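model-v1.txt (compact mmCIF, C-alpha atoms) appears below.
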# COMPACT_ATOMS: atom_id res chain seq x y z
CA MET A 1 -4.93 3.31 21.02
CA GLY A 2 -2.79 0.21 21.20
CA HIS A 3 -5.04 -2.55 19.94
CA ASP A 4 -2.10 -4.79 19.07
CA PHE A 5 -3.06 -5.66 15.55
CA ILE A 6 -0.30 -7.76 14.13
CA LEU A 7 -0.20 -8.50 10.44
CA SER A 8 1.84 -11.33 9.09
CA GLN A 9 3.90 -10.80 5.99
CA SER A 10 4.33 -14.50 5.43
CA ASP A 11 0.57 -15.00 5.51
CA GLY A 12 -0.40 -15.10 1.85
CA ARG A 13 -3.80 -13.53 2.40
CA PRO A 14 -4.50 -9.88 1.60
CA MET A 15 -3.98 -7.47 4.49
CA TYR A 16 -7.63 -6.39 4.64
CA LEU A 17 -8.67 -10.02 5.24
CA GLN A 18 -6.17 -10.33 8.07
CA ILE A 19 -7.59 -7.15 9.61
CA MET A 20 -11.15 -8.50 9.27
CA GLU A 21 -10.14 -11.72 10.93
CA GLN A 22 -8.46 -9.99 13.85
CA ILE A 23 -11.53 -7.85 14.42
CA LYS A 24 -13.80 -10.91 14.30
CA LEU A 25 -11.52 -12.68 16.72
CA ARG A 26 -11.85 -9.83 19.23
CA ILE A 27 -15.61 -10.01 18.88
CA ALA A 28 -15.70 -13.82 19.07
CA VAL A 29 -13.73 -13.93 22.32
CA GLY A 30 -15.85 -11.15 23.76
CA ASP A 31 -13.16 -8.43 24.04
CA TRP A 32 -15.27 -6.27 21.76
CA GLN A 33 -18.88 -6.62 22.90
CA PRO A 34 -22.01 -5.80 20.85
CA GLY A 35 -22.29 -2.01 20.61
CA PHE A 36 -18.53 -1.49 21.18
CA LYS A 37 -17.22 1.53 19.27
CA LEU A 38 -14.44 0.56 16.89
CA PRO A 39 -11.40 2.79 16.48
CA SER A 40 -11.72 5.26 13.61
CA ILE A 41 -10.35 4.10 10.28
CA ARG A 42 -7.34 6.39 10.56
CA GLU A 43 -6.62 5.38 14.17
CA LEU A 44 -6.63 1.71 13.31
CA ALA A 45 -4.47 2.33 10.21
CA VAL A 46 -1.79 3.94 12.38
CA ASP A 47 -2.15 1.21 14.97
CA ALA A 48 -1.94 -1.72 12.56
CA LYS A 49 0.67 0.08 10.44
CA VAL A 50 -1.26 -0.27 7.20
CA SER A 51 -2.81 2.18 4.78
CA VAL A 52 -6.11 3.91 5.44
CA ILE A 53 -7.65 2.34 2.34
CA THR A 54 -6.94 -1.17 3.64
CA ILE A 55 -8.82 -0.50 6.88
CA LYS A 56 -11.63 1.18 4.92
CA ARG A 57 -11.97 -1.94 2.82
CA ALA A 58 -12.00 -4.19 5.91
CA TYR A 59 -14.71 -2.08 7.58
CA GLN A 60 -16.83 -2.06 4.42
CA ASP A 61 -16.71 -5.83 4.12
CA LEU A 62 -17.44 -6.31 7.83
CA GLU A 63 -20.44 -4.08 7.39
CA THR A 64 -21.66 -6.10 4.40
CA GLU A 65 -21.35 -9.24 6.52
CA GLY A 66 -23.39 -7.60 9.27
CA VAL A 67 -20.58 -7.78 11.82
CA ILE A 68 -20.33 -4.03 12.32
CA VAL A 69 -22.65 -1.08 11.77
CA THR A 70 -21.45 2.32 10.61
CA GLN A 71 -23.37 5.44 11.58
CA GLN A 72 -22.64 8.50 9.50
CA GLY A 73 -20.58 10.96 11.53
CA LYS A 74 -20.57 8.76 14.64
CA GLY A 75 -18.31 5.89 13.74
CA SER A 76 -18.50 2.12 13.49
CA PHE A 77 -19.89 -0.22 16.16
CA VAL A 78 -19.99 -3.96 16.74
CA ALA A 79 -23.46 -5.09 15.63
CA ALA A 80 -25.93 -5.14 18.52
CA GLU A 81 -26.63 -8.82 18.32
CA ASP A 82 -26.29 -10.74 21.59
CA ASP A 83 -24.84 -13.93 20.20
CA ILE A 84 -22.61 -12.36 17.56
CA GLY A 85 -19.54 -14.05 19.05
CA GLN A 86 -21.18 -17.43 18.65
CA ARG A 87 -22.34 -16.62 15.12
CA LEU A 88 -18.80 -15.70 14.06
CA LYS A 89 -17.36 -18.88 15.53
CA GLU A 90 -19.98 -20.95 13.69
CA ALA A 91 -19.24 -19.12 10.45
CA GLU A 92 -15.60 -19.98 10.87
CA LEU A 93 -16.48 -23.62 11.52
CA ASP A 94 -18.54 -23.68 8.32
CA GLN A 95 -15.57 -22.40 6.37
CA HIS A 96 -13.39 -25.20 7.70
CA LEU A 97 -16.11 -27.73 6.89
CA THR A 98 -16.32 -26.53 3.29
CA GLN A 99 -12.59 -27.08 3.02
CA VAL A 100 -12.91 -30.58 4.50
CA ILE A 101 -15.71 -31.47 2.07
CA LYS A 102 -13.63 -30.31 -0.90
CA THR A 103 -10.71 -32.44 0.21
CA ALA A 104 -13.01 -35.42 0.82
CA LYS A 105 -14.44 -35.09 -2.67
CA SER A 106 -10.99 -34.89 -4.20
CA VAL A 107 -10.13 -38.30 -2.70
CA GLN A 108 -13.56 -39.74 -3.65
CA LEU A 109 -15.06 -40.04 -0.18
CA ASP A 110 -18.83 -39.76 -0.01
CA VAL A 111 -20.70 -37.95 2.74
CA GLU A 112 -21.40 -41.14 4.74
CA GLU A 113 -17.75 -42.10 4.76
CA LEU A 114 -16.80 -38.60 5.83
CA ILE A 115 -19.31 -38.65 8.67
CA SER A 116 -18.08 -42.01 9.90
CA ARG A 117 -14.50 -40.69 9.94
CA LEU A 118 -15.72 -37.68 11.86
CA ARG A 119 -17.48 -39.93 14.41
CA LYS A 120 -14.38 -42.00 14.89
CA ARG A 121 -12.23 -38.97 15.60
CA TRP A 122 -14.76 -37.06 17.70
CA PRO A 123 -13.64 -38.47 21.09
CA GLU A 124 -9.95 -37.97 20.24
CA ALA A 125 -10.04 -34.20 19.74
CA MET Z 126 -7.02 26.73 6.98
CA ASN Z 127 -10.07 27.12 4.72
CA SER Z 128 -12.03 24.19 3.39
CA ASN Z 129 -10.57 24.62 -0.06
CA GLU Z 130 -7.13 23.99 1.36
CA THR Z 131 -8.17 20.73 2.96
CA THR Z 132 -9.90 19.21 -0.05
CA GLN Z 133 -7.88 20.30 -3.05
CA PRO Z 134 -5.22 17.91 -4.33
CA LEU Z 135 -1.74 18.50 -2.92
CA ILE Z 136 -0.15 17.42 -6.17
CA LYS Z 137 -1.68 17.68 -9.62
CA LEU Z 138 0.25 16.85 -12.77
CA ASN Z 139 -1.53 17.21 -16.05
CA GLY Z 140 -0.07 16.01 -19.36
CA VAL Z 141 3.45 16.67 -18.16
CA GLY Z 142 6.38 15.96 -20.45
CA LYS Z 143 10.10 16.49 -20.19
CA ALA Z 144 12.72 15.43 -22.72
CA TYR Z 145 16.40 14.81 -22.10
CA GLN Z 146 18.95 13.55 -24.56
CA HIS Z 147 18.54 9.89 -23.67
CA PHE Z 148 15.31 9.88 -21.73
CA GLU Z 149 11.82 11.23 -22.12
CA LEU Z 150 9.04 11.54 -19.61
CA SER Z 151 5.72 11.72 -21.42
CA ASP Z 152 2.06 12.43 -20.66
CA VAL Z 153 2.34 12.18 -16.92
CA ASP Z 154 -0.98 12.64 -15.09
CA LEU Z 155 -0.87 12.28 -11.34
CA THR Z 156 -3.09 13.43 -8.47
CA LEU Z 157 -2.41 13.19 -4.75
CA GLU Z 158 -5.34 13.96 -2.44
CA PRO Z 159 -5.03 15.06 1.19
CA GLY Z 160 -4.94 12.21 3.69
CA CYS Z 161 -3.39 9.88 1.14
CA VAL Z 162 -0.12 8.04 0.84
CA MET Z 163 0.98 7.39 -2.72
CA GLY Z 164 3.57 4.77 -3.50
CA PHE Z 165 5.47 5.54 -6.65
CA ILE Z 166 7.06 2.42 -8.05
CA GLY Z 167 9.33 1.88 -11.00
CA PRO Z 168 12.55 0.17 -12.03
CA ASN Z 169 15.81 2.11 -11.97
CA GLY Z 170 15.83 4.82 -14.62
CA ALA Z 171 12.04 4.69 -15.12
CA GLY Z 172 11.52 8.40 -14.42
CA LYS Z 173 10.68 8.42 -10.71
CA SER Z 174 13.29 10.98 -9.76
CA THR Z 175 12.58 13.17 -12.79
CA THR Z 176 8.90 13.25 -11.85
CA ILE Z 177 9.80 14.14 -8.28
CA ARG Z 178 12.14 16.90 -9.45
CA LEU Z 179 9.29 18.34 -11.53
CA ILE Z 180 7.00 18.25 -8.50
CA MET Z 181 9.64 20.00 -6.40
CA GLY Z 182 10.12 22.69 -9.05
CA LEU Z 183 13.76 21.71 -9.48
CA VAL Z 184 13.28 21.31 -13.23
CA GLN Z 185 10.74 22.85 -15.55
CA ALA Z 186 8.37 20.76 -17.68
CA ASP Z 187 8.48 21.11 -21.47
CA ARG Z 188 4.74 20.50 -21.63
CA GLY Z 189 1.76 20.29 -19.28
CA ASP Z 190 0.93 21.72 -15.86
CA VAL Z 191 2.50 21.02 -12.50
CA GLU Z 192 0.50 22.21 -9.52
CA VAL Z 193 1.63 21.64 -5.96
CA LEU Z 194 -0.37 22.78 -2.90
CA GLY Z 195 -2.61 24.64 -5.33
CA VAL Z 196 0.08 26.76 -6.98
CA PRO Z 197 1.94 26.32 -10.29
CA MET Z 198 5.50 24.99 -10.17
CA PRO Z 199 8.18 26.13 -10.60
CA GLU Z 200 6.72 29.67 -10.85
CA GLN Z 201 5.51 29.82 -7.25
CA MET Z 202 8.03 27.47 -5.80
CA ALA Z 203 8.88 29.77 -2.89
CA ALA Z 204 5.28 29.85 -1.67
CA ALA Z 205 4.78 26.10 -1.99
CA LYS Z 206 8.10 25.04 -0.48
CA ARG Z 207 7.22 26.28 2.99
CA ASP Z 208 4.79 23.41 3.30
CA ILE Z 209 6.67 20.68 1.43
CA GLY Z 210 9.16 18.42 3.09
CA PHE Z 211 11.57 16.77 0.70
CA ALA Z 212 14.14 14.09 1.27
CA SER Z 213 16.22 12.24 -1.25
CA GLU Z 214 19.45 10.33 -1.32
CA ASP Z 215 21.37 13.06 -3.10
CA MET Z 216 20.22 15.81 -0.75
CA ARG Z 217 22.77 18.55 -0.38
CA LEU Z 218 23.69 18.64 3.25
CA PHE Z 219 26.82 20.44 4.45
CA LYS Z 220 29.46 17.85 5.10
CA ASN Z 221 31.26 19.96 7.67
CA GLY Z 222 28.11 20.92 9.54
CA THR Z 223 26.93 18.89 12.49
CA LEU Z 224 23.39 17.59 12.55
CA ALA Z 225 22.62 20.12 15.32
CA TRP Z 226 23.81 22.91 13.00
CA HIS Z 227 21.45 21.66 10.26
CA MET Z 228 18.59 21.49 12.73
CA ASN Z 229 19.23 25.08 13.84
CA PHE Z 230 19.32 26.19 10.24
CA MET Z 231 15.92 24.60 9.56
CA ARG Z 232 14.46 26.06 12.73
CA ARG Z 233 15.37 29.57 11.58
CA ILE Z 234 13.91 29.15 8.10
CA TYR Z 235 10.75 27.18 8.75
CA PRO Z 236 8.20 28.51 11.25
CA GLY Z 237 6.56 25.09 11.45
CA TRP Z 238 9.73 23.47 12.84
CA ASP Z 239 8.83 21.32 15.84
CA ASP Z 240 11.84 21.10 18.12
CA ASN Z 241 10.26 18.61 20.51
CA TYR Z 242 9.51 16.27 17.65
CA ALA Z 243 13.04 16.76 16.29
CA GLN Z 244 14.43 15.64 19.67
CA VAL Z 245 12.14 12.60 19.67
CA LEU Z 246 13.30 11.71 16.16
CA LEU Z 247 16.95 12.02 17.17
CA LYS Z 248 16.37 9.33 19.78
CA ARG Z 249 14.19 7.12 17.59
CA PHE Z 250 16.63 7.29 14.67
CA ASP Z 251 19.56 6.87 17.02
CA LEU Z 252 21.47 9.89 15.64
CA ARG Z 253 24.04 12.07 17.43
CA PRO Z 254 23.42 15.80 16.92
CA GLU Z 255 27.03 16.82 17.66
CA GLN Z 256 28.41 14.64 14.87
CA LYS Z 257 29.43 16.15 11.54
CA LEU Z 258 27.52 14.88 8.51
CA LYS Z 259 30.67 13.67 6.77
CA GLY Z 260 31.11 11.09 9.53
CA PHE Z 261 27.64 9.65 8.97
CA SER Z 262 27.06 6.28 7.34
CA HIS Z 263 24.68 6.06 4.37
CA GLY Z 264 21.81 4.96 6.58
CA GLN Z 265 22.47 7.74 9.09
CA ARG Z 266 22.54 10.33 6.30
CA VAL Z 267 19.21 9.11 4.97
CA LYS Z 268 17.72 9.25 8.45
CA ALA Z 269 19.19 12.73 9.05
CA GLY Z 270 17.55 13.96 5.82
CA LEU Z 271 14.24 12.49 6.89
CA LEU Z 272 14.51 14.02 10.35
CA LEU Z 273 15.06 17.46 8.84
CA ALA Z 274 12.02 17.03 6.58
CA LEU Z 275 9.71 15.41 9.15
CA ALA Z 276 10.36 17.82 12.03
CA ARG Z 277 8.99 20.68 9.96
CA ARG Z 278 5.65 18.87 9.93
CA PRO Z 279 4.92 19.90 6.34
CA ARG Z 280 1.54 19.17 4.77
CA LEU Z 281 3.18 17.43 1.85
CA LEU Z 282 6.07 15.02 2.17
CA VAL Z 283 7.92 14.01 -0.96
CA LEU Z 284 10.38 11.22 -0.31
CA ASP Z 285 12.62 9.84 -2.99
CA GLU Z 286 13.59 6.28 -2.03
CA PRO Z 287 13.34 6.88 1.73
CA THR Z 288 14.03 3.28 2.67
CA THR Z 289 16.59 2.29 0.05
CA GLY Z 290 19.83 1.07 1.55
CA LEU Z 291 18.49 1.03 5.10
CA ASP Z 292 18.81 -1.99 7.32
CA PRO Z 293 15.53 -3.62 8.47
CA VAL Z 294 15.56 -1.86 11.83
CA ALA Z 295 16.09 1.58 10.29
CA ARG Z 296 13.45 0.85 7.64
CA LYS Z 297 10.93 0.09 10.32
CA GLU Z 298 11.81 3.31 12.17
CA VAL Z 299 11.26 5.34 9.02
CA LEU Z 300 7.97 3.65 8.14
CA ASN Z 301 6.73 4.19 11.68
CA GLU Z 302 7.29 7.94 11.30
CA LEU Z 303 5.31 7.95 8.05
CA LEU Z 304 2.41 6.60 10.11
CA GLU Z 305 2.61 9.75 12.18
CA VAL Z 306 1.87 11.73 9.02
CA LEU Z 307 -0.87 9.35 7.98
CA ALA Z 308 -2.69 10.04 11.24
CA ASP Z 309 -3.47 13.57 10.02
CA GLU Z 310 -6.03 13.65 7.21
CA SER Z 311 -4.93 17.03 5.84
CA ARG Z 312 -1.42 15.77 5.10
CA ALA Z 313 -0.13 13.56 2.31
CA VAL Z 314 2.95 11.58 1.34
CA LEU Z 315 4.41 10.70 -2.02
CA PHE Z 316 7.19 8.18 -1.74
CA SER Z 317 9.10 6.43 -4.45
CA SER Z 318 10.62 3.06 -3.92
CA HIS Z 319 11.53 -0.15 -5.53
CA ASN Z 320 10.83 -1.93 -2.30
CA THR Z 321 7.28 -3.00 -3.09
CA GLN Z 322 6.71 -4.44 0.36
CA ASP Z 323 7.02 -1.04 2.03
CA VAL Z 324 4.75 0.48 -0.58
CA GLU Z 325 2.18 -2.29 -0.32
CA GLN Z 326 1.83 -1.84 3.40
CA LEU Z 327 1.40 1.92 3.64
CA SER Z 328 0.06 3.23 0.34
CA ASP Z 329 -3.52 4.14 -0.47
CA THR Z 330 -2.68 4.71 -4.10
CA ILE Z 331 -0.14 2.93 -6.24
CA THR Z 332 1.43 4.46 -9.32
CA PHE Z 333 3.64 2.39 -11.61
CA ILE Z 334 6.08 4.07 -13.92
CA ASP Z 335 8.28 2.45 -16.56
CA ARG Z 336 10.35 3.99 -19.34
CA GLY Z 337 9.05 7.49 -18.75
CA ARG Z 338 5.36 6.56 -18.79
CA ILE Z 339 2.82 6.01 -16.05
CA ILE Z 340 1.64 2.48 -16.78
CA ASP Z 341 -0.96 2.30 -14.02
CA SER Z 342 -2.27 4.42 -11.14
CA GLN Z 343 -5.06 3.21 -8.87
CA ASP Z 344 -6.18 2.76 -5.32
CA LYS Z 345 -4.33 -0.15 -3.79
CA GLU Z 346 -7.28 -2.32 -2.80
CA THR Z 347 -8.90 -2.17 -6.26
CA PHE Z 348 -5.55 -2.90 -7.70
CA LEU Z 349 -4.79 -5.96 -5.59
CA ASP Z 350 -8.37 -7.18 -6.09
CA LYS Z 351 -8.19 -7.29 -9.84
CA TRP Z 352 -4.97 -9.21 -10.18
CA ARG Z 353 -5.17 -12.97 -9.67
CA ARG Z 354 -3.26 -16.07 -10.57
CA VAL Z 355 -5.64 -18.89 -11.45
CA ARG Z 356 -4.17 -22.39 -11.40
CA PHE Z 357 -5.97 -25.13 -13.27
CA ARG Z 358 -5.67 -28.70 -14.42
CA ALA Z 359 -6.91 -29.76 -17.84
CA ALA Z 360 -6.29 -32.76 -20.06
CA ALA Z 361 -7.59 -30.97 -23.15
CA GLU Z 362 -5.68 -28.06 -24.61
CA ILE Z 363 -6.73 -24.65 -23.37
CA ARG Z 364 -5.62 -21.67 -25.41
CA GLU Z 365 -4.93 -18.15 -24.28
CA GLU Z 366 -7.44 -16.85 -26.86
CA ASP Z 367 -10.25 -18.76 -25.11
CA LEU Z 368 -10.01 -16.40 -22.14
CA THR Z 369 -10.21 -12.63 -21.67
CA GLY Z 370 -8.06 -10.34 -19.57
CA VAL Z 371 -4.99 -12.56 -19.77
CA VAL Z 372 -1.64 -11.00 -18.90
CA GLU Z 373 0.36 -14.22 -18.69
CA PHE Z 374 -0.59 -17.74 -19.69
CA HIS Z 375 1.06 -21.13 -19.23
CA HIS Z 376 -0.30 -24.58 -20.01
CA ARG Z 377 2.14 -27.40 -20.30
CA GLY Z 378 1.13 -31.01 -19.72
CA GLN Z 379 -2.01 -31.00 -17.61
CA LEU Z 380 -1.22 -28.13 -15.32
CA GLY Z 381 -1.62 -24.50 -16.24
CA SER Z 382 -1.90 -21.01 -14.85
CA VAL Z 383 -3.32 -17.68 -15.94
CA ILE Z 384 -2.40 -14.26 -14.60
CA THR Z 385 -5.14 -11.70 -15.12
CA ASP Z 386 -5.46 -8.00 -14.32
CA ARG Z 387 -9.27 -8.13 -14.62
CA PHE Z 388 -10.33 -11.00 -12.43
CA GLU Z 389 -14.03 -11.91 -12.34
CA PRO Z 390 -15.60 -15.16 -11.12
CA ALA Z 391 -16.64 -15.57 -14.78
CA MET Z 392 -13.05 -16.57 -15.53
CA THR Z 393 -13.20 -19.68 -13.35
CA GLU Z 394 -16.62 -20.54 -14.83
CA ARG Z 395 -15.17 -20.19 -18.30
CA LEU Z 396 -12.26 -22.48 -17.43
CA THR Z 397 -14.64 -25.09 -16.00
CA HIS Z 398 -16.74 -24.80 -19.15
CA LEU Z 399 -13.61 -25.47 -21.23
CA GLY Z 400 -13.09 -28.69 -19.30
CA ALA Z 401 -10.53 -27.53 -16.76
CA GLU Z 402 -10.58 -28.12 -13.05
CA VAL Z 403 -9.76 -24.86 -11.25
CA GLN Z 404 -7.33 -25.66 -8.46
CA GLY Z 405 -6.83 -22.27 -6.95
CA VAL Z 406 -7.39 -18.56 -7.33
CA GLU Z 407 -4.49 -16.78 -5.65
CA PRO Z 408 -3.99 -13.13 -4.82
CA MET Z 409 -0.64 -11.70 -5.92
CA THR Z 410 1.84 -9.51 -4.12
CA LEU Z 411 2.52 -6.03 -5.39
CA GLU Z 412 5.96 -7.18 -6.46
CA GLU Z 413 4.56 -9.96 -8.64
CA ILE Z 414 2.01 -7.57 -10.13
CA PHE Z 415 4.65 -4.95 -10.78
CA VAL Z 416 6.94 -7.36 -12.63
CA ALA Z 417 4.05 -8.79 -14.67
CA GLU Z 418 2.87 -5.29 -15.51
CA VAL Z 419 6.28 -4.04 -16.61
CA GLU Z 420 6.87 -7.14 -18.73
CA ALA Z 421 3.46 -6.84 -20.37
CA SER Z 422 3.90 -3.13 -21.11
CA ARG Z 423 7.34 -3.76 -22.64
CA GLU Z 424 5.94 -6.52 -24.83
CA GLU Z 425 3.32 -4.11 -26.13
CA VAL Z 426 6.04 -1.69 -27.12
CA LEU Z 427 7.76 -4.46 -29.08
CA LEU Z 428 4.60 -5.46 -30.96
Could I get this file's structure written as structure tokens?
Amino acid sequence: MGHDFILSQSDGRPMYLQIMEQIKLRIAVGDWQPGFKLPSIRELAVDAKVSVITIKRAYQDLETEGVIVTQQGKGSFVAAEDDIGQRLKEAELDQHLTQVIKTAKSVQLDVEELISRLRKRWPEA
Amino acid sequence: MNSNETTQPLIKLNGVGKAYQHFELSDVDLTLEPGCVMGFIGPNGAGKSTTIRLIMGLVQADRGDVEVLGVPMPEQMAAAKRDIGFASEDMRLFKNGTLAWHMNFMRRIYPGWDDNYAQVLLKRFDLRPEQKLKGFSHGQRVKAGLLLALARRPRLLVLDEPTTGLDPVARKEVLNELLEVLADESRAVLFSSHNTQDVEQLSDTITFIDRGRIIDSQDKETFLDKWRRVRFRAAAEIREEDLTGVVEFHHRGQLGSVITDRFEPAMTERLTHLGAEVQGVEPMTLEEIFVAEVEASREEVLL
């Protein structure tokens, strides 16, 4: 044990989402490789100091997203997909982009204007 | 332990009622399964302690059935008590006894007493065994009571306000020890509190009580999922009646908000259809939900 899951109480998001994110982060940086066996639900609950049902919910949603695979009686594993780390990072990027597009729309920027702003800033970042 | 013992509920209340001169507990149904932590939340005087006393067999119900660890209470209290750990603020500890004396006493009575764990808890809770109980501060007394209950390693832990009046460090110590119990799927915890943050973090099931009635009891994730605050902006008037599942509604000027206990994406579609721009769908904390729920249930009583 000792996976150092740290939940923030000032983070407004539900705890199960924070757990999902921390698991994805471990996969994205390669600490948890494809095929890695996740801690049992109860183990992780004790470790992250949250209820069993919260971890159960996080695992279920990760399974729906295809990030982990659960085998009856054996446990849960990181999906055996070689570039899963890359896929998760791209999914996160897409989420940020959606947010950017929403903000752009709210200040009446069209897609061309947004792209030109993006181009301008590209070398800066 | 046979399989029946590991799957049957540790607490089962069915249609339980108890009347006092100025307070009545009515129609209480409550089930606690093994491996679960139930947070029992209610304002002061809501009936939390009365319910706990019924579970412990300290008072007898006027109506309904109370079953704990598979046996009826208070009839078979002696049999059940061996495997129940109980701690509450008004626990009767001997003022002139030292903590070590109390620990010895428990060791003699309860075969499950784990002396190694008791020693670990002494250190973690920062308590001195040679000190008499009357010299303990409030927080130390609460921790002493918890130590005596926890070190027996009972299958069922019933804790009445275990974190009330504790400083943040002591609260964390206590919650950490509850995790120890949670690690074992045959054990269960019922803890009452008005600190919703503690409950939100550790509970699998949440039960709300107000004015002697259970107003809601559900698994925590379902619960938190269904409650949402939807903020919107609309120039045209939007009325509460145009929406379903509304617990609280405000619309003044252009900005408005709806609190619902039955959130579905259909609600945002409906708002858009009514000409509103949905600005955010926010999850709510257990505390916000609890207050909204109590207010709504009291309004119903008035109507």
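Distance-wise, CA of Asn301 (chain Z) and CA of Ile340 (chain Z) end up 29.0 Å apart.
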Using all atoms listed in the file, which residue out of Z:Val162, Z:Leu157, Z:Phe357, Z:Leu273 lies closest to Leu304 (chain Z)? Z:Val162
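Across A:Gln86, A:Thr54, A:Thr103, A:Gln22, the tightest approach to chain Z is made by A:Thr54 when counting only C-alpha atoms.
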Output as a PDB file with C-alpha atoms, keeping the file's coordinate frame the set of chain Z residues within 6 Å of chain A, with distances taken over only C-alpha atoms.
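Okay, this is what ended up in selection-v2.pdb:
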ATOM      1  CA  LEU Z 304       2.410   6.600  10.110  1.00  0.00           C
ATOM      2  CA  ALA Z 308      -2.690  10.040  11.240  1.00  0.00           C
ATOM      3  CA  GLN Z 326       1.830  -1.840   3.400  1.00  0.00           C
ATOM      4  CA  LEU Z 327       1.400   1.920   3.640  1.00  0.00           C
ATOM      5  CA  SER Z 328       0.060   3.230   0.340  1.00  0.00           C
ATOM      6  CA  ASP Z 329      -3.520   4.140  -0.470  1.00  0.00           C
TER       7      ASP Z 329
END
Name all residues at most 7 Å from region 404-411 of chain Z (count all atoms listed in the file; drop same-chain ones fewer than 6 positions away) and give them as a ChimeraX atom specification. /Z:321,325,352-358
Please dump the current selection as a PDB file, in the coordinates of the input; keep C-alpha atoms.
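Here's the written file again31.pdb:
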ATOM      1  CA  THR Z 321       7.280  -3.000  -3.090  1.00  0.00           C
ATOM      2  CA  GLU Z 325       2.180  -2.290  -0.320  1.00  0.00           C
ATOM      3  CA  TRP Z 352      -4.970  -9.210 -10.180  1.00  0.00           C
ATOM      4  CA  ARG Z 353      -5.170 -12.970  -9.670  1.00  0.00           C
ATOM      5  CA  ARG Z 354      -3.260 -16.070 -10.570  1.00  0.00           C
ATOM      6  CA  VAL Z 355      -5.640 -18.890 -11.450  1.00  0.00           C
ATOM      7  CA  ARG Z 356      -4.170 -22.390 -11.400  1.00  0.00           C
ATOM      8  CA  PHE Z 357      -5.970 -25.130 -13.270  1.00  0.00           C
ATOM      9  CA  ARG Z 358      -5.670 -28.700 -14.420  1.00  0.00           C
TER      10      ARG Z 358
END
